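Just below is one structure, and these are the notes that go with it.
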Amino acid sequence: MSQERTRPGAGTITVAGLAVMNIVAVVSLRGLPAEAEYGLASTFYYLFAALFFLAPVGLVAAELATGWPEEGGMFRWVGEAFGSRWGFLAILMVFIEGCIWFPTILTFAAVTLAYTGDAAAAQQISGDKLFVLAVVLGVFWLATLVALRGVRSFSQVAKWGGIVGTLVPATILIGLAIAYLAAGNTSQVELSWGAFVPDLSKFSNIVLAAGIFLFYAGMEMNAVHVRSIKNPIRNYPIAILVAALGAVVVLVLGTLAIAVVVPEGQINLTQSLLTAYNTLLDWAGVGWAGPVLAAMLAVGVLAGVVTWVAGPATGLLSVARAGYLPRWFHRTNRAGMPSRILLVQAAIVTVLSVMFVILPSVQAAYQLLSQLTVILYLVAYVLMFAAVIALRYSQPSRPRRYHVPGGIVGVWVVGGCGLLAATLALVVSFVPPAQIEVGSPTTYVGLLVGLSVVFVALPFWAYSARKPSWRDETLDFAPFTWQVEATAGDPVPEGRGPRA
């Protein structure tokens, strides 16, 4: 306990700060147009995904984080259950997924920045590939510089940037849409009970809707900062609950607000949110506020990116120093941040961002990279859900301040629902959505499968190449429970040994 109290950054993240960081990590307004195409049926998908994915993620993450609060996050949890090889795969999936996700979210930033200027030229500018690439790289490197300044700096930027750039704009969007309907204006979508239940007989609907699960992804990501939270065993689950409820409300009502004012045939993945804002602001007689809202949304993107830049990289640093990556990656700056990991992450993002210039359209690149992030993150989630079930059997007496309710049956129901939902979404993520133009379906699927195989194989290759000299002997990284048992003379379960 004394180590936790003296650790740099301990107690620097409050419950409110962590809740906002989680909401910002989960909620991205840029993704709302993709589900607005479903109209009121989007509410069904959001609630379904919240019940079978978000709730399991929140409950499972709370149990794992409070039962194993040591550093490592996803690596720690999966490694405890299945060995360090699979834990390494899980943490690398989260890290790589983040690298690929950045260009997609920052494309939205490029569009919002375009709308802060001349509205007449905004649409043309936002479709310029070089402009998009410049904004993606500029904002990302700015977020990296913020993250390099340390926990206090990036948590404050994430907190206040999330409030200004996500929560306030979402509240304005939802409030204006409610006022718009209350004034007697006609909705662009049917708002009746019959429209609530989607046509699940259409496979194309299921494919695109599967991506909604990842709208809720990231709730567990800030667990890597658990030792920077005051009284984490009590405060972490509270922050998770608040963030989960906030995410559902913002996503459901925000999506409906877009569907109400933008005709279905005119919905565009990168521009429709701004179109909805402009329509509602013009109706309210404050069209001049459009550029202001666009600038606020850009701030929200920066806050979300800062959260994701720092989170996985911080978790990977602990894993690297424990002996799973070369010592070159162990370097930290004066603020205690993993400077070299952050710079490698920035280099990967820079290379991937060029895809926006190579592919036929920004929309096609956006969809391809978005689906790839879904696939890689779902691999990690499948492992996490399986881990919580396995650990109830392998470590039943492990102290857990928070338990998934219902005993062993409850953990099977909750973890099983999450596992089934993640697996289903993983499978259908390889199918091109019929609603979005992605060029050649064969090329699209081929790129998706090829990139997925490469990125999943990479952690296994890196793991097999590790050397004993990579471990930092000065590190207080807590060993896995099975490693402690091996030291005490108990047999190590198969697949968990030093070379597992």
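In the structure tokens, chains take the letters A, B, ... in the order shown, each chain's residues start at 1, and ligands count up from 1 in the order shown.
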> Can you list, as a list of chain:residue names, every protein, DNA or RNA residue that comes within 12 Å of Leu176 (chain A) when you count only C-alpha atoms, leaving out same-chain residues fewer than 5 positions away?
Replying inline: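 Close residues of Leu176 (chain A): A:Pro169, A:Ala170, A:Thr171, A:Leu181, A:Ala182, A:Ala183, A:Asn185, A:Leu253, A:Gly254, A:Leu256, A:Ala257, A:Ile258, A:Val260, A:Val261, A:Ala276, A:Tyr277, A:Asn278, A:Thr279, A:Leu280, A:Leu281, A:Asp282, A:Trp283, A:Ala284, A:Gly285, A:Val286.
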> When you draw a straight line from CA of Val445 (chain A) to CA of Leu133 (chain A), how long is it in Å?
Replying inline: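 For CA of Val445 (chain A) relative to CA of Leu133 (chain A), the distance reads 23.8 Å.
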>> Residues near Val299 (chain A), anyone? I mean within 10 Å using only C-alpha atoms, not counting same-chain ones fewer than 4 positions away, as a list of chain:residue names.
In response: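 Close residues of Val299 (chain A): A:Ala109, A:Thr112, A:Leu113, A:Val139, A:Val157, A:Ala158, A:Trp160, A:Gly161, A:Gly162, A:Ile163, A:Val164, A:Gly165, A:Thr166, A:Leu293, A:Ala294, A:Ala295, A:Ala303, A:Gly304, A:Val305.
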Would you export the selected residues with all heavy atoms as a compact mmCIF listing (two decimals), in the first residue's frame, please?
# COMPACT_ATOMS: atom_id res chain seq x y z
N ALA A 109 -12.44 15.19 -37.08
CA ALA A 109 -11.88 16.48 -36.66
C ALA A 109 -11.62 17.37 -37.86
O ALA A 109 -11.85 18.58 -37.83
CB ALA A 109 -10.58 16.26 -35.88
N THR A 112 -14.92 18.86 -39.00
CA THR A 112 -15.40 19.92 -38.11
C THR A 112 -14.59 21.19 -38.25
O THR A 112 -15.13 22.30 -38.19
CB THR A 112 -15.36 19.45 -36.63
OG1 THR A 112 -14.02 19.08 -36.28
CG2 THR A 112 -16.27 18.26 -36.40
N LEU A 113 -13.28 21.05 -38.44
CA LEU A 113 -12.45 22.24 -38.65
C LEU A 113 -12.82 22.94 -39.96
O LEU A 113 -12.81 24.17 -40.04
CB LEU A 113 -10.98 21.86 -38.66
CG LEU A 113 -10.36 21.51 -37.30
CD1 LEU A 113 -8.93 21.04 -37.46
CD2 LEU A 113 -10.41 22.72 -36.36
N VAL A 139 -3.42 17.17 -35.40
CA VAL A 139 -4.11 17.00 -34.12
C VAL A 139 -3.53 15.84 -33.34
O VAL A 139 -3.37 15.91 -32.11
CB VAL A 139 -5.63 16.79 -34.36
CG1 VAL A 139 -6.35 16.51 -33.04
CG2 VAL A 139 -6.23 18.02 -35.04
N VAL A 157 -6.80 17.79 -19.60
CA VAL A 157 -7.22 18.06 -20.97
C VAL A 157 -8.38 17.15 -21.35
O VAL A 157 -9.36 17.59 -21.96
CB VAL A 157 -6.05 17.87 -21.95
CG1 VAL A 157 -6.54 17.91 -23.40
CG2 VAL A 157 -4.99 18.94 -21.74
N ALA A 158 -8.28 15.87 -20.99
CA ALA A 158 -9.35 14.92 -21.31
C ALA A 158 -10.64 15.30 -20.59
O ALA A 158 -11.73 15.24 -21.17
CB ALA A 158 -8.91 13.51 -20.92
N TRP A 160 -11.68 18.39 -19.16
CA TRP A 160 -12.30 19.65 -19.56
C TRP A 160 -12.56 19.70 -21.06
O TRP A 160 -13.57 20.26 -21.51
CB TRP A 160 -11.44 20.83 -19.12
CG TRP A 160 -11.42 20.96 -17.63
CD1 TRP A 160 -10.38 20.69 -16.78
CD2 TRP A 160 -12.50 21.34 -16.79
NE1 TRP A 160 -10.75 20.88 -15.48
CE2 TRP A 160 -12.05 21.29 -15.45
CE3 TRP A 160 -13.83 21.73 -17.03
CZ2 TRP A 160 -12.87 21.59 -14.38
CZ3 TRP A 160 -14.64 22.04 -15.95
CH2 TRP A 160 -14.16 21.97 -14.65
N GLY A 161 -11.68 19.08 -21.84
CA GLY A 161 -11.92 18.99 -23.27
C GLY A 161 -13.14 18.14 -23.56
O GLY A 161 -13.91 18.44 -24.49
N GLY A 162 -13.33 17.09 -22.76
CA GLY A 162 -14.51 16.24 -22.94
C GLY A 162 -15.80 16.96 -22.59
O GLY A 162 -16.82 16.79 -23.27
N ILE A 163 -15.76 17.78 -21.55
CA ILE A 163 -16.94 18.55 -21.15
C ILE A 163 -17.28 19.58 -22.23
O ILE A 163 -18.43 19.67 -22.69
CB ILE A 163 -16.70 19.24 -19.80
CG1 ILE A 163 -16.63 18.19 -18.68
CG2 ILE A 163 -17.82 20.25 -19.51
CD1 ILE A 163 -16.22 18.76 -17.34
N VAL A 164 -16.25 20.35 -22.66
CA VAL A 164 -16.47 21.41 -23.64
C VAL A 164 -16.77 20.85 -25.03
O VAL A 164 -17.62 21.37 -25.76
CB VAL A 164 -15.25 22.34 -23.70
CG1 VAL A 164 -15.37 23.34 -24.85
CG2 VAL A 164 -15.08 23.08 -22.37
N GLY A 165 -16.08 19.78 -25.41
CA GLY A 165 -16.15 19.30 -26.78
C GLY A 165 -17.05 18.11 -27.02
O GLY A 165 -17.29 17.77 -28.19
N THR A 166 -17.56 17.47 -25.97
CA THR A 166 -18.45 16.32 -26.16
C THR A 166 -19.76 16.50 -25.41
O THR A 166 -20.85 16.44 -26.01
CB THR A 166 -17.76 15.02 -25.69
OG1 THR A 166 -16.59 14.79 -26.48
CG2 THR A 166 -18.71 13.83 -25.86
N LEU A 293 -19.75 25.77 -32.62
CA LEU A 293 -20.00 24.36 -32.27
C LEU A 293 -19.00 23.45 -32.95
O LEU A 293 -18.52 22.47 -32.36
CB LEU A 293 -21.43 23.97 -32.67
CG LEU A 293 -22.51 24.01 -31.58
CD1 LEU A 293 -22.20 23.00 -30.49
CD2 LEU A 293 -22.65 25.41 -31.00
N ALA A 294 -18.65 23.78 -34.20
CA ALA A 294 -17.67 22.96 -34.91
C ALA A 294 -16.32 22.99 -34.21
O ALA A 294 -15.64 21.96 -34.06
CB ALA A 294 -17.54 23.45 -36.35
N ALA A 295 -15.93 24.17 -33.74
CA ALA A 295 -14.66 24.29 -33.02
C ALA A 295 -14.70 23.52 -31.70
O ALA A 295 -13.72 22.86 -31.31
CB ALA A 295 -14.35 25.77 -32.75
N ALA A 303 -9.65 15.86 -26.96
CA ALA A 303 -9.76 15.26 -25.62
C ALA A 303 -9.85 13.74 -25.71
O ALA A 303 -9.19 13.03 -24.94
CB ALA A 303 -11.00 15.82 -24.91
N GLY A 304 -10.66 13.25 -26.64
CA GLY A 304 -10.78 11.81 -26.80
C GLY A 304 -9.48 11.18 -27.25
O GLY A 304 -9.09 10.11 -26.77
N VAL A 305 -8.79 11.83 -28.16
CA VAL A 305 -7.53 11.30 -28.67
C VAL A 305 -6.47 11.30 -27.58
O VAL A 305 -5.70 10.34 -27.44
CB VAL A 305 -7.06 12.10 -29.90
CG1 VAL A 305 -5.64 11.72 -30.29
CG2 VAL A 305 -8.00 11.86 -31.07
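With distances restricted to only C-alpha atoms, A:Gly39 is the closest residue to Thr255 (chain A) from A:Gly17, A:Gly290, A:Gly39, A:Gly336.
Nearest to Trp482 (chain A) of all the residues A:Leu173, A:Ala465, A:Ala81, A:Val57 is A:Ala81, based on only C-alpha atoms.
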